[in-house]
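Next up, start-v6.tsv (TSV, C-alpha atoms):
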chain	number	residue	atom	x	y	z
W	1	MET	CA	0.00	0.00	0.00
W	2	THR	CA	1.19	3.53	-0.72
W	3	GLU	CA	0.51	6.85	0.95
W	4	GLY	CA	-0.01	8.38	-2.50
W	5	LEU	CA	1.86	10.77	-4.73
W	6	LYS	CA	3.15	13.59	-2.57
W	7	THR	CA	6.42	14.48	-4.27
W	8	VAL	CA	7.50	15.40	-7.77
W	9	ILE	CA	11.12	16.09	-8.65
W	10	TYR	CA	12.20	18.03	-11.71
W	11	PRO	CA	15.64	17.61	-13.27
W	12	VAL	CA	17.03	21.09	-13.95
W	13	LYS	CA	20.08	22.38	-15.77
W	14	ASP	CA	20.10	25.88	-14.30
W	15	LEU	CA	19.20	25.65	-10.62
W	16	ASP	CA	19.01	29.41	-10.06
W	17	ARG	CA	16.64	29.98	-12.98
W	18	ALA	CA	14.47	27.02	-11.98
W	19	LYS	CA	14.38	28.21	-8.37
W	20	ALA	CA	13.22	31.68	-9.49
W	21	LEU	CA	10.53	30.15	-11.70
W	22	PHE	CA	9.14	27.91	-8.95
W	23	ARG	CA	9.25	30.76	-6.40
W	24	THR	CA	7.04	32.70	-8.80
W	25	LEU	CA	4.73	29.77	-9.53
W	26	LEU	CA	4.28	28.67	-5.92
W	27	GLU	CA	4.60	32.13	-4.34
W	28	THR	CA	6.78	30.75	-1.55
W	29	GLU	CA	10.41	30.36	-0.57
W	30	PRO	CA	12.10	26.95	-0.64
W	31	TYR	CA	12.32	24.97	2.59
W	32	ALA	CA	15.58	23.40	1.36
W	33	ASP	CA	18.06	25.38	-0.71
W	34	GLU	CA	21.29	23.47	-1.35
W	35	PRO	CA	23.54	23.24	-4.43
W	36	TYR	CA	22.38	19.62	-4.92
W	37	TYR	CA	18.62	20.07	-4.24
W	38	VAL	CA	16.02	22.80	-3.80
W	39	GLY	CA	12.67	21.85	-2.28
W	40	PHE	CA	9.37	23.68	-2.03
W	41	LYS	CA	6.20	22.72	-0.16
W	42	ASP	CA	2.83	23.82	-1.51
W	43	ALA	CA	-0.72	22.50	-1.04
W	44	GLY	CA	0.50	19.29	0.61
W	45	GLN	CA	2.96	18.60	-2.18
W	46	ASP	CA	6.73	18.53	-2.14
W	47	VAL	CA	8.27	19.96	-5.33
W	48	GLY	CA	11.98	19.31	-5.76
W	49	LEU	CA	14.57	20.64	-8.19
W	50	ASP	CA	17.51	18.32	-8.86
W	51	PRO	CA	20.47	19.78	-10.79
W	52	ASN	CA	21.91	16.25	-11.10
W	53	GLY	CA	18.67	14.69	-12.32
W	54	HIS	CA	19.62	14.45	-15.98
W	55	SER	CA	22.80	12.53	-15.13
W	56	LYS	CA	20.62	10.09	-13.13
W	57	GLY	CA	18.50	9.34	-16.20
W	58	MET	CA	15.65	11.74	-15.47
W	59	THR	CA	14.17	13.04	-18.72
W	60	GLY	CA	11.35	15.02	-17.10
W	61	PRO	CA	9.51	15.35	-13.81
W	62	VAL	CA	9.37	12.16	-11.76
W	63	PRO	CA	6.44	11.44	-9.44
W	64	TYR	CA	7.42	9.82	-6.15
W	65	TRP	CA	5.07	7.43	-4.37
W	66	HIS	CA	5.34	7.49	-0.59
W	67	VAL	CA	5.58	3.94	0.75
W	68	GLU	CA	5.96	2.27	4.13
W	69	ASP	CA	8.60	-0.31	3.12
W	70	ILE	CA	10.72	0.92	0.21
W	71	ARG	CA	12.83	-2.23	-0.11
W	72	ALA	CA	9.79	-4.53	-0.30
W	73	ARG	CA	8.03	-2.23	-2.78
W	74	LEU	CA	11.18	-1.96	-4.93
W	75	ALA	CA	11.59	-5.75	-4.98
W	76	ALA	CA	7.92	-6.17	-5.96
W	77	LEU	CA	8.29	-3.68	-8.82
W	78	VAL	CA	11.41	-5.45	-10.11
W	79	ALA	CA	9.58	-8.80	-9.91
W	80	ALA	CA	6.79	-7.22	-11.98
W	81	GLY	CA	9.27	-6.21	-14.71
W	82	ALA	CA	10.59	-2.80	-13.67
W	83	GLU	CA	14.27	-1.91	-14.08
W	84	ILE	CA	16.11	-0.24	-11.20
W	85	LEU	CA	17.47	3.19	-12.09
W	86	GLN	CA	18.46	4.18	-8.57
W	87	ASP	CA	18.68	1.65	-5.78
W	88	VAL	CA	17.59	2.62	-2.28
W	89	GLN	CA	19.59	5.63	-1.14
W	90	ASP	CA	19.52	7.54	2.15
W	91	VAL	CA	19.15	11.24	1.36
W	92	GLY	CA	19.27	12.36	5.00
W	93	GLY	CA	16.83	12.85	7.80
W	94	GLY	CA	15.73	9.22	7.67
W	95	ARG	CA	14.36	9.61	4.15
W	96	LEU	CA	15.07	6.84	1.64
W	97	ILE	CA	14.49	7.13	-2.11
W	98	ALA	CA	14.71	4.80	-5.11
W	99	SER	CA	13.49	4.85	-8.70
W	100	VAL	CA	12.64	2.40	-11.44
W	101	LYS	CA	11.71	2.46	-15.11
W	102	ASP	CA	8.70	0.52	-16.36
W	103	ALA	CA	8.52	-1.38	-19.67
W	104	ASP	CA	7.40	1.81	-21.46
W	105	GLY	CA	10.28	3.89	-20.12
W	106	ASN	CA	8.22	5.77	-17.53
W	107	LEU	CA	10.09	6.69	-14.37
W	108	ILE	CA	8.55	5.83	-11.00
W	109	GLY	CA	10.02	7.16	-7.78
W	110	LEU	CA	9.62	5.76	-4.29
W	111	ILE	CA	10.10	7.56	-0.96
W	112	GLN	CA	10.05	6.19	2.56
W	113	GLY	CA	10.24	8.34	5.67
Rewrite the structure of this file - the entire thing - as C-alpha cells.
Amino acid sequence: MTEGLKTVIYPVKDLDRAKALFRTLLETEPYADEPYYVGFKDAGQDVGLDPNGHSKGMTGPVPYWHVEDIRARLAALVAAGAEILQDVQDVGGGRLIASVKDADGNLIGLIQG
C-alpha cells in the first residue's frame, strides 16, 4: 500500500533559474536550498529541483510514491518487470528514495520516511 503521490522532482540544468521560476509559480520560498537540491512545499505537495537529475537518467519530472517499506516495494516492482534506475539511497533525515523504469520507459520514484 502507498501513501499516494506527494512528491514530484524536476531535473534542472540551471538551478538558479528554476528556483526563481518555482518561487514565482508557488509564491513561496524553498524549505531546502542546497547546491544539490532545492525543495518547495505547496498545497500538501513537495516539489523538488535536482540539478543532477539528468545525469541520473531523469528526462522530465518524476512522481514519487510514498511507501511504508521501500525495499519490499522496490523488490515487488522489479519482480513485476521494472528496471532499477536508482537503488535505495539515504538522502538524509531518515528519508530513503529509489526509482525504477517501467517497460514503457516511464520513471517511478519511491520515498520512505
Which protein, DNA or RNA residues have an atom at most 8 Å from (11.9, 6.3, -9.1), counting all atoms listed in the file? List them as a CSV table (one decimal) with C-alpha atoms, in the frame of the given file.
chain,number,residue,atom,x,y,z
W,62,VAL,CA,9.4,12.2,-11.8
W,63,PRO,CA,6.4,11.4,-9.4
W,64,TYR,CA,7.4,9.8,-6.2
W,85,LEU,CA,17.5,3.2,-12.1
W,86,GLN,CA,18.5,4.2,-8.6
W,97,ILE,CA,14.5,7.1,-2.1
W,98,ALA,CA,14.7,4.8,-5.1
W,99,SER,CA,13.5,4.8,-8.7
W,100,VAL,CA,12.6,2.4,-11.4
W,101,LYS,CA,11.7,2.5,-15.1
W,107,LEU,CA,10.1,6.7,-14.4
W,108,ILE,CA,8.6,5.8,-11.0
W,109,GLY,CA,10.0,7.2,-7.8
W,110,LEU,CA,9.6,5.8,-4.3
### Task
Write out as number ranges by chain each polymer residue whose atoms come within 10 Å of Asp33 (chain W), counting all atoms listed in the file; drop sequence neighbours fewer than 5 positions from it.
W: 15, 19, 38-40, 48-49
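What separates CA of Gly53 (chain W) from CA of Gly92 (chain W) is a distance of 17.5 Å.
Pairwise distance (CA of Val88 (chain W), CA of Ala76 (chain W)) equals 13.6 Å.
Of note, CA of Val78 (chain W) and CA of Gly113 (chain W) are spaced 21.0 Å apart.
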### Task
Between W:Asp50, W:Asp42, W:Asp69, W:Glu83, single out the one closest to Ala103 (chain W), counting only C-alpha atoms.
W:Glu83
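Of the residues listed (W:Asp46, W:Val67, W:Leu77, W:Pro51), W:Pro51 shows the shortest atom-to-atom separation from Arg17 (chain W); distances use only C-alpha atoms.
Residue nearest Thr2 (chain W), chosen from W:Leu96, W:Ile70, W:Ile84, W:Ala79 and counting only C-alpha atoms: W:Ile70.
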### Query
In terms of the shortest atom-to-atom distance over only C-alpha atoms, which of W:Val91, W:Met58, W:Ala32, W:Val47 is closest to Lys13 (chain W)?
W:Met58
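Distances from W:Asp102, W:Ala20, W:Asp14, W:Glu3 to Pro35 (chain W) were compared using only C-alpha atoms, and the smallest one belongs to W:Asp14.
With distances restricted to only C-alpha atoms, W:Ile111 is the closest residue to Arg71 (chain W) from W:Ile111, W:Asn52, W:Val8, W:Ala43.
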